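*Asks:* Could you have a look at this structure, given as structure tokens, before my questions?
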Amino acid sequence: MPGRDVETVWARFRSVTRARIGLGRSGDALPTRHSLDFQYAHACARDAVSAPMDVAALAAQLGSTPLLHVRSAAGDRSTYLRRPDLGRMLAGDGAARLAAGPWDAVFVIADGLSAGAVLQHAVPTFFAVSARLAGWSIGPVVLAEQARVGLGDEIGASMGAGMVVVLIGERPGLTVPNSLGAYLTYAPRVGRRDAERNCISNIHADGLSYAAAAQKLAWLMWQARSLRLSGVELKEDAPGSDAPAVDAPGVAPGVTMADAAVPEATMLLPDGATRL
């Protein structure tokens with residue numbers, strides 16, 4: 001680009017993406033600072049996968065919210081990574097520790113492949129969504145260790161939930177090691193397929209905001225309850241968080257769900273449920 005500062009040109013592109021573009025060269029290799037940055041990002045991704053779930057910290061964030069704590073049949077992190085099937089099954093005594101409903105919805109906070117994402121984003125997302133579920137009966141929040149998305153099916157079925165939402169750490173990448181995903185399944189039961197779920201992904205500081213994720217997820221939950229289904233048959237045509245109007249139960253036409261004064265969902269602590 002004769003007559004132009006190449007670095008300035010690339011800086012314009014880098015300002016709108018986190019992709020590694022226009023890094024330049026030093027001889028036949030990357031410049032040292034970019035090479036070190038890549039190695040650091042790779043180390044962060046590896047650490048995210050192996051880090052344990054901080055149950056105590058999550059419990060503190062949730063405050064007085066009723067909680068339950070379970071583990072999958074994967075006894076340790078190594079087993080969890082090698083045996084995805086075990087991450088979809090409750091440990092032997094897991095079902096007995098769950099509080100039977102019926103509940104309109106149950107939220108599961110699961111470590112998945114990034115416990116750090118869960119620690120940073122799961123609780124704010126949960127509170128943002130639950131505030132948009134006026135009149136719903138919400139079961140105790142279940143903190144699940146060594147968990148895959150499918151574990152929510154057994155948890156939801158055991159608790160008699162109308163639907164289950166799994167807030168889980170997503171597979172870390174080289175730009176975002178702490179991204180949260182939300183998976184909605186109507187009428188959960190063991191054996192549900194991925195096609196029977198709705199997924200909202202990339203909830204993190206440089207991705208989908210809590211408000212935007214909560215509005216979309218709440219809209220899907222209202223629709224799932226009305227239509228009695230989830231997954232590919234539930235079309236994701238919810239308006240964005242800055243949309244002028246949302247016509248959903250509990251929210252007056254012409255008022256955005258983000259701005260509406262919606263009473264909190266009913267949070268009940270049934271017999272047998274415990275706080276951490």
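Ordering of the structure tokens sets the chain letters (A, B, ...); residue numbers start at 1 within each chain; ligands are numbered from 1 in the order shown.
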Might you pull out every residue within 8 Å of A:Leu90, with only C-alpha atoms counted and same-chain residues fewer than 6 positions away left off, and present them as a list of chain:residue names?
*Replies:*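 So the residues in contact are A:Val70, A:Arg71, A:Ser72, A:Ala73, A:Leu151, A:Glu154, A:Ile155.
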*Asks:* What's around stretch 169-175 of chain A at 6 Å? Count only C-alpha atoms, leave out sequence neighbours fewer than 2 positions away in its own chain, and write the answer as a PyMOL selection string.
*Replies:* chain A and resi 41-42+45+111-115+117-118+177+179-181
*Asks:* Mind pulling up the distance from atom CA of A:Leu143 to atom CA of A:Ile109?
*Replies:* 4.9 Å
*Asks:* Can you tell me how far atom CA of A:Leu62 sits from atom CA of A:Ala74, in Å to one decimal?
*Replies:*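 These two atoms are separated by 25.4 Å.
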*Asks:* Nearest residue to A:Leu58 out of A:Thr125, A:Ser230, A:Gln120, A:Asn198, using only C-alpha atoms?
*Replies:*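 Nearest to A:Leu58: A:Gln120.
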*Asks:* Residues within 7 Å of A:Asp104, please, as a CSV table (one decimal) with N, CA and C atoms, in the first residue's frame. Count only C-alpha atoms; anything in the same chain fewer than 4 positions from it doesn't count.
*Replies:*
chain,number,residue,atom,x,y,z
A,136,TRP,N,-43.9,-17.4,37.0
A,136,TRP,CA,-43.4,-18.8,36.9
A,136,TRP,C,-42.9,-19.4,38.2
A,137,SER,N,-43.1,-20.6,38.4
A,137,SER,CA,-42.5,-21.4,39.5
A,137,SER,C,-41.2,-21.9,39.1
A,138,ILE,N,-40.1,-21.3,39.7
A,138,ILE,CA,-38.8,-21.7,39.4
A,138,ILE,C,-38.2,-22.6,40.5
A,161,ALA,N,-39.7,-30.9,36.1
A,161,ALA,CA,-39.7,-29.6,35.5
A,161,ALA,C,-40.3,-29.6,34.1
A,162,GLY,N,-41.1,-28.5,33.9
A,162,GLY,CA,-41.7,-28.4,32.6
A,162,GLY,C,-40.6,-28.1,31.5
A,163,MET,N,-39.6,-27.5,31.9
A,163,MET,CA,-38.4,-27.3,31.0
A,163,MET,C,-37.2,-27.1,31.8
*Asks:* Rounded to one decimal in Å, what is the spacing between atom CA of A:Gly116 and atom CA of A:His69?
*Replies:*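 The value is 17.8 Å.
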*Asks:* DSSP on the backbone, alpha helix (DSSP H) only: what residues of stretch 61-250 of chain A does that give? Format it as an mmCIF file with N, CA and C atoms, in the first residue's frame.
*Replies:*
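Listed below is the output, out_16.cif:
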data_model
loop_
_atom_site.group_PDB
_atom_site.id
_atom_site.type_symbol
_atom_site.label_atom_id
_atom_site.label_comp_id
_atom_site.auth_asym_id
_atom_site.auth_seq_id
_atom_site.Cartn_x
_atom_site.Cartn_y
_atom_site.Cartn_z
ATOM 1 N N GLN A 61 -22.562 -15.849 45.106
ATOM 2 C CA GLN A 61 -23.168 -14.946 44.127
ATOM 3 C C GLN A 61 -24.688 -15.077 44.119
ATOM 4 N N LEU A 62 -25.174 -16.284 44.308
ATOM 5 C CA LEU A 62 -26.611 -16.527 44.266
ATOM 6 C C LEU A 62 -27.319 -16.074 45.539
ATOM 7 N N ARG A 77 -11.837 -34.849 36.382
ATOM 8 C CA ARG A 77 -11.780 -34.083 35.141
ATOM 9 C C ARG A 77 -11.244 -34.910 33.983
ATOM 10 N N SER A 78 -10.262 -35.727 34.248
ATOM 11 C CA SER A 78 -9.709 -36.552 33.187
ATOM 12 C C SER A 78 -10.768 -37.487 32.607
ATOM 13 N N THR A 79 -11.538 -38.114 33.483
ATOM 14 C CA THR A 79 -12.616 -39.000 33.029
ATOM 15 C C THR A 79 -13.669 -38.216 32.267
ATOM 16 N N TYR A 80 -13.985 -37.039 32.769
ATOM 17 C CA TYR A 80 -14.980 -36.179 32.120
ATOM 18 C C TYR A 80 -14.590 -35.868 30.680
ATOM 19 N N LEU A 81 -13.326 -35.562 30.459
ATOM 20 C CA LEU A 81 -12.866 -35.210 29.116
ATOM 21 C C LEU A 81 -12.806 -36.420 28.193
ATOM 22 N N ARG A 82 -12.498 -37.582 28.753
ATOM 23 C CA ARG A 82 -12.372 -38.789 27.941
ATOM 24 C C ARG A 82 -13.705 -39.506 27.725
ATOM 25 N N ALA A 115 -15.160 -23.590 33.411
ATOM 26 C CA ALA A 115 -15.697 -23.211 34.718
ATOM 27 C C ALA A 115 -15.555 -21.711 34.955
ATOM 28 N N GLY A 116 -14.543 -21.097 34.345
ATOM 29 C CA GLY A 116 -14.354 -19.664 34.484
ATOM 30 C C GLY A 116 -15.494 -18.872 33.870
ATOM 31 N N ALA A 117 -16.006 -19.334 32.723
ATOM 32 C CA ALA A 117 -17.144 -18.674 32.093
ATOM 33 C C ALA A 117 -18.364 -18.725 32.993
ATOM 34 N N VAL A 118 -18.561 -19.862 33.629
ATOM 35 C CA VAL A 118 -19.695 -20.029 34.532
ATOM 36 C C VAL A 118 -19.572 -19.084 35.727
ATOM 37 N N LEU A 119 -18.388 -19.006 36.288
ATOM 38 C CA LEU A 119 -18.180 -18.149 37.451
ATOM 39 C C LEU A 119 -18.426 -16.677 37.108
ATOM 40 N N GLN A 120 -18.053 -16.269 35.905
ATOM 41 C CA GLN A 120 -18.200 -14.871 35.516
ATOM 42 C C GLN A 120 -19.607 -14.508 35.042
ATOM 43 N N HIS A 121 -20.252 -15.419 34.320
ATOM 44 C CA HIS A 121 -21.451 -15.011 33.589
ATOM 45 C C HIS A 121 -22.746 -15.745 33.946
ATOM 46 N N ALA A 122 -22.681 -16.896 34.589
ATOM 47 C CA ALA A 122 -23.895 -17.697 34.783
ATOM 48 C C ALA A 122 -24.905 -17.021 35.707
ATOM 49 N N VAL A 123 -24.455 -16.531 36.850
ATOM 50 C CA VAL A 123 -25.389 -15.959 37.819
ATOM 51 C C VAL A 123 -26.029 -14.673 37.305
ATOM 52 N N PRO A 124 -25.260 -13.721 36.731
ATOM 53 C CA PRO A 124 -25.920 -12.542 36.158
ATOM 54 C C PRO A 124 -26.942 -12.897 35.075
ATOM 55 N N THR A 125 -26.618 -13.904 34.261
ATOM 56 C CA THR A 125 -27.564 -14.330 33.228
ATOM 57 C C THR A 125 -28.812 -14.923 33.849
ATOM 58 N N PHE A 126 -28.641 -15.752 34.872
ATOM 59 C CA PHE A 126 -29.786 -16.353 35.554
ATOM 60 C C PHE A 126 -30.716 -15.293 36.130
ATOM 61 N N PHE A 127 -30.151 -14.323 36.833
ATOM 62 C CA PHE A 127 -30.977 -13.284 37.428
ATOM 63 C C PHE A 127 -31.689 -12.457 36.362
ATOM 64 N N ALA A 128 -30.994 -12.179 35.250
ATOM 65 C CA ALA A 128 -31.597 -11.393 34.178
ATOM 66 C C ALA A 128 -32.764 -12.134 33.535
ATOM 67 N N VAL A 129 -32.633 -13.456 33.385
ATOM 68 C CA VAL A 129 -33.712 -14.248 32.789
ATOM 69 C C VAL A 129 -34.874 -14.405 33.765
ATOM 70 N N SER A 130 -34.596 -14.773 34.994
ATOM 71 C CA SER A 130 -35.665 -15.038 35.957
ATOM 72 C C SER A 130 -36.518 -13.797 36.199
ATOM 73 N N LEU A 151 -26.876 -33.635 30.860
ATOM 74 C CA LEU A 151 -27.168 -33.909 32.258
ATOM 75 C C LEU A 151 -28.429 -33.170 32.695
ATOM 76 N N GLY A 152 -28.714 -32.054 32.065
ATOM 77 C CA GLY A 152 -29.920 -31.308 32.401
ATOM 78 C C GLY A 152 -31.192 -32.103 32.167
ATOM 79 N N ASP A 153 -31.167 -33.053 31.220
ATOM 80 C CA ASP A 153 -32.356 -33.856 30.946
ATOM 81 C C ASP A 153 -32.726 -34.717 32.149
ATOM 82 N N GLU A 154 -31.740 -35.387 32.726
ATOM 83 C CA GLU A 154 -32.013 -36.230 33.883
ATOM 84 C C GLU A 154 -32.388 -35.387 35.095
ATOM 85 N N ILE A 155 -31.714 -34.254 35.261
ATOM 86 C CA ILE A 155 -32.039 -33.362 36.377
ATOM 87 C C ILE A 155 -33.464 -32.838 36.245
ATOM 88 N N GLY A 156 -33.811 -32.336 35.065
ATOM 89 C CA GLY A 156 -35.148 -31.806 34.850
ATOM 90 C C GLY A 156 -36.226 -32.845 35.029
ATOM 91 N N ALA A 157 -35.998 -34.051 34.504
ATOM 92 C CA ALA A 157 -36.986 -35.122 34.639
ATOM 93 C C ALA A 157 -37.150 -35.528 36.098
ATOM 94 N N SER A 158 -36.044 -35.623 36.828
ATOM 95 C CA SER A 158 -36.108 -36.020 38.236
ATOM 96 C C SER A 158 -36.825 -34.985 39.090
ATOM 97 N N TYR A 210 -25.743 -9.751 28.847
ATOM 98 C CA TYR A 210 -26.698 -10.445 29.709
ATOM 99 C C TYR A 210 -28.130 -10.067 29.333
ATOM 100 N N ALA A 211 -28.363 -8.779 29.089
ATOM 101 C CA ALA A 211 -29.714 -8.319 28.767
ATOM 102 C C ALA A 211 -30.213 -8.923 27.462
ATOM 103 N N ALA A 212 -29.342 -8.947 26.446
ATOM 104 C CA ALA A 212 -29.746 -9.497 25.152
ATOM 105 C C ALA A 212 -29.979 -11.000 25.246
ATOM 106 N N ALA A 213 -29.095 -11.693 25.946
ATOM 107 C CA ALA A 213 -29.261 -13.143 26.111
ATOM 108 C C ALA A 213 -30.516 -13.452 26.907
ATOM 109 N N ALA A 214 -30.762 -12.691 27.968
ATOM 110 C CA ALA A 214 -31.927 -12.928 28.823
ATOM 111 C C ALA A 214 -33.219 -12.685 28.064
ATOM 112 N N GLN A 215 -33.252 -11.632 27.256
ATOM 113 C CA GLN A 215 -34.471 -11.355 26.510
ATOM 114 C C GLN A 215 -34.766 -12.474 25.520
ATOM 115 N N LYS A 216 -33.758 -12.929 24.827
ATOM 116 C CA LYS A 216 -33.969 -14.000 23.842
ATOM 117 C C LYS A 216 -34.357 -15.305 24.529
ATOM 118 N N LEU A 217 -33.672 -15.625 25.630
ATOM 119 C CA LEU A 217 -33.965 -16.869 26.326
ATOM 120 C C LEU A 217 -35.358 -16.829 26.949
ATOM 121 N N ALA A 218 -35.727 -15.713 27.571
ATOM 122 C CA ALA A 218 -37.057 -15.601 28.163
ATOM 123 C C ALA A 218 -38.135 -15.726 27.089
ATOM 124 N N TRP A 219 -37.896 -15.098 25.940
ATOM 125 C CA TRP A 219 -38.857 -15.210 24.839
ATOM 126 C C TRP A 219 -39.017 -16.670 24.416
ATOM 127 N N LEU A 220 -37.912 -17.376 24.290
ATOM 128 C CA LEU A 220 -37.976 -18.790 23.915
ATOM 129 C C LEU A 220 -38.710 -19.614 24.967
ATOM 130 N N MET A 221 -38.494 -19.295 26.233
ATOM 131 C CA MET A 221 -39.155 -20.047 27.307
ATOM 132 C C MET A 221 -40.663 -19.815 27.293
ATOM 133 N N TRP A 222 -41.086 -18.568 27.094
ATOM 134 C CA TRP A 222 -42.518 -18.290 26.984
ATOM 135 C C TRP A 222 -43.113 -19.041 25.803
ATOM 136 N N GLN A 223 -42.419 -19.025 24.684
ATOM 137 C CA GLN A 223 -42.918 -19.704 23.492
ATOM 138 C C GLN A 223 -42.935 -21.221 23.678
ATOM 139 N N ALA A 224 -41.898 -21.755 24.313
ATOM 140 C CA ALA A 224 -41.843 -23.199 24.546
ATOM 141 C C ALA A 224 -43.006 -23.643 25.424
ATOM 142 N N ARG A 225 -43.319 -22.851 26.436
ATOM 143 C CA ARG A 225 -44.434 -23.215 27.322
ATOM 144 C C ARG A 225 -45.764 -23.125 26.578
ATOM 145 N N SER A 226 -45.896 -22.139 25.706
ATOM 146 C CA SER A 226 -47.142 -21.972 24.954
ATOM 147 C C SER A 226 -47.327 -23.060 23.908
ATOM 148 N N LEU A 227 -46.242 -23.374 23.187
ATOM 149 C CA LEU A 227 -46.322 -24.340 22.085
ATOM 150 C C LEU A 227 -46.016 -25.767 22.519
#
*Asks:* From stretch 103-270 of chain A, collect each residue whose DSSP state is strand (DSSP E or B) and return the set as a PyMOL selection string.
*Replies:* chain A and resi 103+105-110+137-138+141-145+161+163-169+180-186+197-203+208+248+251+266-267
*Asks:* Rank A:Gly63, A:Val176, A:Ser50, A:Ala29 by their smallest atom-to-atom distance to A:Ala205, using only C-alpha atoms, and report the top residue only.
*Replies:*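 Closest candidate: A:Val176.
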*Asks:* Pick from A:Ala195, A:Ile168, A:Val49, A:Val141: nearest to A:Ser64, with only C-alpha atoms counted?
*Replies:*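 Of all the options, A:Val141 lies closest to A:Ser64.
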*Asks:* Give the answer as one residue: which of A:Leu167, A:Phe38, A:Glu196, A:Leu98 has the shortest atom-to-atom distance to A:Leu67, using only C-alpha atoms?
*Replies:*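 Residue with the minimum atom-to-atom distance to A:Leu67: A:Leu98.
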